[in-house]
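Engineer: I'd like to ask some things about the structure below.
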Amino acid sequence: MNDTPASVDSSPPADYPAELERVWQTVDGAPVTLRALRPDDLDRELAFIAGLSGETLHLRMQYASRGVTRDDATRLLQMDYRDTLAVGALVPGPGGDQIVGVSRYARSPGSDSAECAIVVADDWQGRGVGGELMLSLAVAARSRGIRTLVGTSLGENRRIRDWAQRFGFGAKTEPDSGGLVTVTLDLASLPPVS
């Protein structure tokens, strides 16, 4: 019997979109690697979520608690890179690369529209990471036949609402929703990216 723990396969899946990988610098010069997330990012995803403040979890992810299980995170990383995709912002950390932001979409079945979400670690907010993640996600979505990204935010989250409008999203408070705001981005309005 072999008692050696199974190693995590760190090779990208066969359909992994390597063309999304790039290094970008924040407004204060910190290098950030942007790339599609993979199943082997599970521990990084869990550490990222665990490191978010209660306020960020509530406002950005609309979570009432820190109750993200390993199974939940595993499902988030099961993507086909066409109809479901997540782009992560990673920086070097003491134990290897760590996630400091994630943008993701899931196409609505049989449509050219996708639900999207974005969250940035508290210490990295206000440094341009959110905008760069959203740009990467929008460009990837458009190249995969998605024409519209739609997200929701709590009405009390004025910061994300202002950010969404600066990025070009339309924002509308949903009637009878307790203040839930729907943000919509028409990807045809994005300038071509070279």
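Please note that chains go A, B, ... in the order of the structure tokens, that every chain numbers its residues from 1, and that ligands are numbered from 1 in the order shown.
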Any chance you could list, as a PDB file with C-alpha atoms, in the first residue's frame, the residues in segment 32-179 of chain A that come up alpha helix (DSSP H) when DSSP is run on the backbone?
Structural biologist:
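The result, written out as part.pdb:
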```pdb
ATOM      1  CA  LEU A  42      -9.170  25.049  -5.402  1.00  0.00           C
ATOM      2  CA  ASP A  43      -7.048  25.825  -2.327  1.00  0.00           C
ATOM      3  CA  ARG A  44      -6.259  29.314  -3.665  1.00  0.00           C
ATOM      4  CA  GLU A  45     -10.000  29.941  -4.240  1.00  0.00           C
ATOM      5  CA  LEU A  46     -10.861  28.768  -0.717  1.00  0.00           C
ATOM      6  CA  ALA A  47      -8.115  30.933   0.811  1.00  0.00           C
ATOM      7  CA  PHE A  48      -9.299  33.929  -1.229  1.00  0.00           C
ATOM      8  CA  ILE A  49     -12.914  33.579  -0.055  1.00  0.00           C
ATOM      9  CA  ALA A  50     -11.828  32.953   3.547  1.00  0.00           C
ATOM     10  CA  GLY A  54     -17.662  40.102   6.214  1.00  0.00           C
ATOM     11  CA  GLU A  55     -18.609  43.377   4.548  1.00  0.00           C
ATOM     12  CA  THR A  56     -17.140  42.329   1.194  1.00  0.00           C
ATOM     13  CA  LEU A  57     -18.831  38.931   1.385  1.00  0.00           C
ATOM     14  CA  HIS A  58     -22.132  40.635   2.100  1.00  0.00           C
ATOM     15  CA  LEU A  59     -21.882  43.484  -0.416  1.00  0.00           C
ATOM     16  CA  ARG A  60     -20.025  41.830  -3.295  1.00  0.00           C
ATOM     17  CA  MET A  61     -21.067  38.209  -3.049  1.00  0.00           C
ATOM     18  CA  ARG A  70     -14.949  22.851  -0.453  1.00  0.00           C
ATOM     19  CA  ASP A  71     -17.683  21.293  -2.614  1.00  0.00           C
ATOM     20  CA  ASP A  72     -19.066  24.772  -3.429  1.00  0.00           C
ATOM     21  CA  ALA A  73     -15.615  25.986  -4.463  1.00  0.00           C
ATOM     22  CA  THR A  74     -15.008  22.826  -6.497  1.00  0.00           C
ATOM     23  CA  ARG A  75     -18.225  23.495  -8.441  1.00  0.00           C
ATOM     24  CA  LEU A  76     -17.130  27.088  -9.075  1.00  0.00           C
ATOM     25  CA  VAL A 129      -7.899  45.128 -10.288  1.00  0.00           C
ATOM     26  CA  GLY A 130     -11.695  45.044 -10.676  1.00  0.00           C
ATOM     27  CA  GLY A 131     -11.661  46.985 -13.928  1.00  0.00           C
ATOM     28  CA  GLU A 132      -8.920  44.835 -15.402  1.00  0.00           C
ATOM     29  CA  LEU A 133     -10.656  41.613 -14.359  1.00  0.00           C
ATOM     30  CA  MET A 134     -13.917  42.819 -15.877  1.00  0.00           C
ATOM     31  CA  LEU A 135     -12.187  43.812 -19.109  1.00  0.00           C
ATOM     32  CA  SER A 136     -10.576  40.365 -19.378  1.00  0.00           C
ATOM     33  CA  LEU A 137     -13.899  38.670 -18.691  1.00  0.00           C
ATOM     34  CA  ALA A 138     -15.818  40.857 -21.143  1.00  0.00           C
ATOM     35  CA  VAL A 139     -13.315  40.302 -23.960  1.00  0.00           C
ATOM     36  CA  ALA A 140     -13.363  36.531 -23.343  1.00  0.00           C
ATOM     37  CA  ALA A 141     -17.173  36.471 -23.231  1.00  0.00           C
ATOM     38  CA  ARG A 142     -17.501  38.460 -26.445  1.00  0.00           C
ATOM     39  CA  SER A 143     -15.087  36.149 -28.270  1.00  0.00           C
ATOM     40  CA  ARG A 158     -22.980  52.183  -3.798  1.00  0.00           C
ATOM     41  CA  ARG A 159     -19.286  51.588  -4.521  1.00  0.00           C
ATOM     42  CA  ILE A 160     -19.887  48.659  -6.902  1.00  0.00           C
ATOM     43  CA  ARG A 161     -22.796  50.486  -8.494  1.00  0.00           C
ATOM     44  CA  ASP A 162     -20.592  53.527  -9.207  1.00  0.00           C
ATOM     45  CA  TRP A 163     -17.831  51.221 -10.499  1.00  0.00           C
ATOM     46  CA  ALA A 164     -20.280  49.396 -12.782  1.00  0.00           C
ATOM     47  CA  GLN A 165     -21.494  52.671 -14.272  1.00  0.00           C
ATOM     48  CA  ARG A 166     -17.888  53.857 -14.828  1.00  0.00           C
ATOM     49  CA  PHE A 167     -17.153  50.563 -16.576  1.00  0.00           C
TER      50      PHE A 167
END
```
Engineer: Fewer than 2 positions away in the same chain doesn't count, so skip those; otherwise give me all residues within 6 Å of Leu187 of chain A, counting only C-alpha atoms, as a list in words.
Structural biologist: Arg147, Thr148, Leu185, Ser189 and Leu190 of chain A
Engineer: Could those selected residues go to a file with C-alpha atoms, as a PDB file, in the first residue's frame?
Structural biologist:
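Below you can see selection.pdb, which holds the result:
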```
ATOM      1  CA  ARG A 147     -23.398  39.667 -26.238  1.00  0.00           C
ATOM      2  CA  THR A 148     -24.589  40.777 -22.795  1.00  0.00           C
ATOM      3  CA  LEU A 185     -23.148  45.475 -20.110  1.00  0.00           C
ATOM      4  CA  SER A 189     -20.103  48.697 -26.771  1.00  0.00           C
ATOM      5  CA  LEU A 190     -16.607  47.523 -25.784  1.00  0.00           C
TER       6      LEU A 190
END
```
Engineer: Considering only C-alpha atoms, state which residue in the set A:Gly145, A:Ile99, A:Trp124, A:Asp83 is at the smallest distance from Asp112 of chain A.
Structural biologist: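 Closest to Asp112 of chain A, using only C-alpha atoms: A:Gly145.
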Engineer: Between atom CA of Val91 of chain A and atom CA of Val23 of chain A, what is the distance, to one decimal in Å?
Structural biologist: 9.9 Å
Engineer: Please provide as a ChimeraX atom specification all residues within 7 Å of Gly88 of chain A, with the sequence filter that same-chain residues fewer than 6 positions apart are discarded (counting only C-alpha atoms).
Structural biologist: /A:34-37,99,101-103
Engineer: Next, write the just-selected residues to a file, as a tab-separated table (two decimals), in the first residue's frame, keeping C-alpha atoms as the atom set.
Structural biologist:
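To be explicit, this is the file written out as part_4.tsv:
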```tsv
chain	number	residue	atom	x	y	z
A	34	LEU	CA	-4.54	37.51	-15.00
A	35	ARG	CA	-5.60	34.06	-16.21
A	36	ALA	CA	-8.50	31.66	-16.37
A	37	LEU	CA	-8.89	29.68	-13.18
A	99	ILE	CA	-5.86	35.00	-5.73
A	101	GLY	CA	-9.72	38.95	-7.35
A	102	VAL	CA	-12.08	36.89	-9.49
A	103	SER	CA	-14.53	37.71	-12.24
```
Engineer: Which residues are close to Asp122 of chain A, i.e. within 9 Å by only C-alpha atoms, leaving aside same-chain residues fewer than 5 positions away? Reply as a ChimeraX atom specification.
Structural biologist: /A:51-53,56,100
Engineer: I need the residues from that last selection saved to file as an mmCIF file, in the first residue's frame (with N, CA and C atoms), if you can.
Structural biologist:
```
data_model
loop_
_atom_site.group_PDB
_atom_site.id
_atom_site.type_symbol
_atom_site.label_atom_id
_atom_site.label_comp_id
_atom_site.auth_asym_id
_atom_site.auth_seq_id
_atom_site.Cartn_x
_atom_site.Cartn_y
_atom_site.Cartn_z
ATOM 1 N N GLY A 51 -10.420 34.907 3.119
ATOM 2 C CA GLY A 51 -9.757 36.160 3.463
ATOM 3 C C GLY A 51 -10.598 37.403 3.244
ATOM 4 N N LEU A 52 -11.778 37.254 2.648
ATOM 5 C CA LEU A 52 -12.633 38.415 2.407
ATOM 6 C C LEU A 52 -13.296 38.857 3.710
ATOM 7 N N SER A 53 -13.431 40.147 3.882
ATOM 8 C CA SER A 53 -14.097 40.652 5.083
ATOM 9 C C SER A 53 -15.582 40.312 5.017
ATOM 10 N N THR A 56 -17.311 42.658 2.607
ATOM 11 C CA THR A 56 -17.140 42.329 1.194
ATOM 12 C C THR A 56 -17.980 41.117 0.825
ATOM 13 N N VAL A 100 -6.286 37.389 -5.683
ATOM 14 C CA VAL A 100 -6.703 38.654 -5.059
ATOM 15 C C VAL A 100 -7.967 39.207 -5.704
#
```
Engineer: Return the single residue from A:Ala89, A:Ala121, A:Met79, A:Thr84 that is closest to Glu21 of chain A, with distances computed using only C-alpha atoms.
Structural biologist: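 Going through A:Ala89, A:Ala121, A:Met79, A:Thr84 one by one, the smallest distance to Glu21 of chain A is for A:Ala89.
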Engineer: So how many Å separate atom CA of Val150 of chain A and atom CA of Ala106 of chain A, to one decimal?
Structural biologist: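 Computing it gives 9.9 Å between the two atoms.
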Engineer: If you count only C-alpha atoms, which residues fall within 10 Å of Gln25 of chain A, apart from same-chain ones fewer than 3 positions away, as number ranges by chain?
Structural biologist: A: 28-33, 127-129, 132
Engineer: Let's see if you can do this: from backbone DSSP, list all strand (DSSP E) residues in segment 43-147 of chain A, as a short mmCIF file (atom, residue, chain, number, x, y, z; two decimals) with C-alpha atoms, in the first residue's frame.
Structural biologist:
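See result_17.cif below for the written result:
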```cif
data_model
loop_
_atom_site.label_atom_id
_atom_site.label_comp_id
_atom_site.auth_asym_id
_atom_site.auth_seq_id
_atom_site.Cartn_x
_atom_site.Cartn_y
_atom_site.Cartn_z
CA THR A 84 -18.71 29.10 -17.92
CA LEU A 85 -15.47 30.94 -17.23
CA ALA A 86 -13.66 32.55 -14.31
CA VAL A 87 -10.69 34.89 -14.61
CA GLY A 88 -8.48 35.28 -11.57
CA ALA A 89 -6.01 37.97 -10.56
CA LEU A 90 -3.01 36.32 -8.89
CA VAL A 91 0.00 37.73 -7.09
CA PRO A 92 3.01 36.04 -5.49
CA GLY A 93 2.50 35.19 -1.83
CA GLY A 96 2.96 30.58 -3.84
CA ASP A 97 0.52 32.51 -5.98
CA GLN A 98 -2.58 33.79 -4.23
CA ILE A 99 -5.86 35.00 -5.73
CA VAL A 100 -6.70 38.65 -5.06
CA GLY A 101 -9.72 38.95 -7.35
CA VAL A 102 -12.08 36.89 -9.49
CA SER A 103 -14.53 37.71 -12.24
CA ARG A 104 -16.76 35.00 -13.66
CA TYR A 105 -19.67 34.41 -15.98
CA ALA A 106 -22.17 31.64 -16.67
CA ARG A 107 -24.09 31.75 -19.92
CA SER A 113 -26.42 36.48 -22.36
CA ALA A 114 -24.49 35.51 -19.24
CA GLU A 115 -24.71 36.24 -15.55
CA CYS A 116 -21.50 37.74 -14.21
CA ALA A 117 -19.95 38.50 -10.85
CA ILE A 118 -16.76 40.08 -9.60
CA VAL A 119 -15.08 40.33 -6.23
CA VAL A 120 -11.72 41.79 -5.23
#
```
Engineer: Atom CA of Thr69 of chain A and atom CA of Ser108 of chain A, how far apart in Å?
Structural biologist: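 Straight-line distance from atom CA of Ser108 of chain A to atom CA of Thr69 of chain A works out to 24.3 Å.
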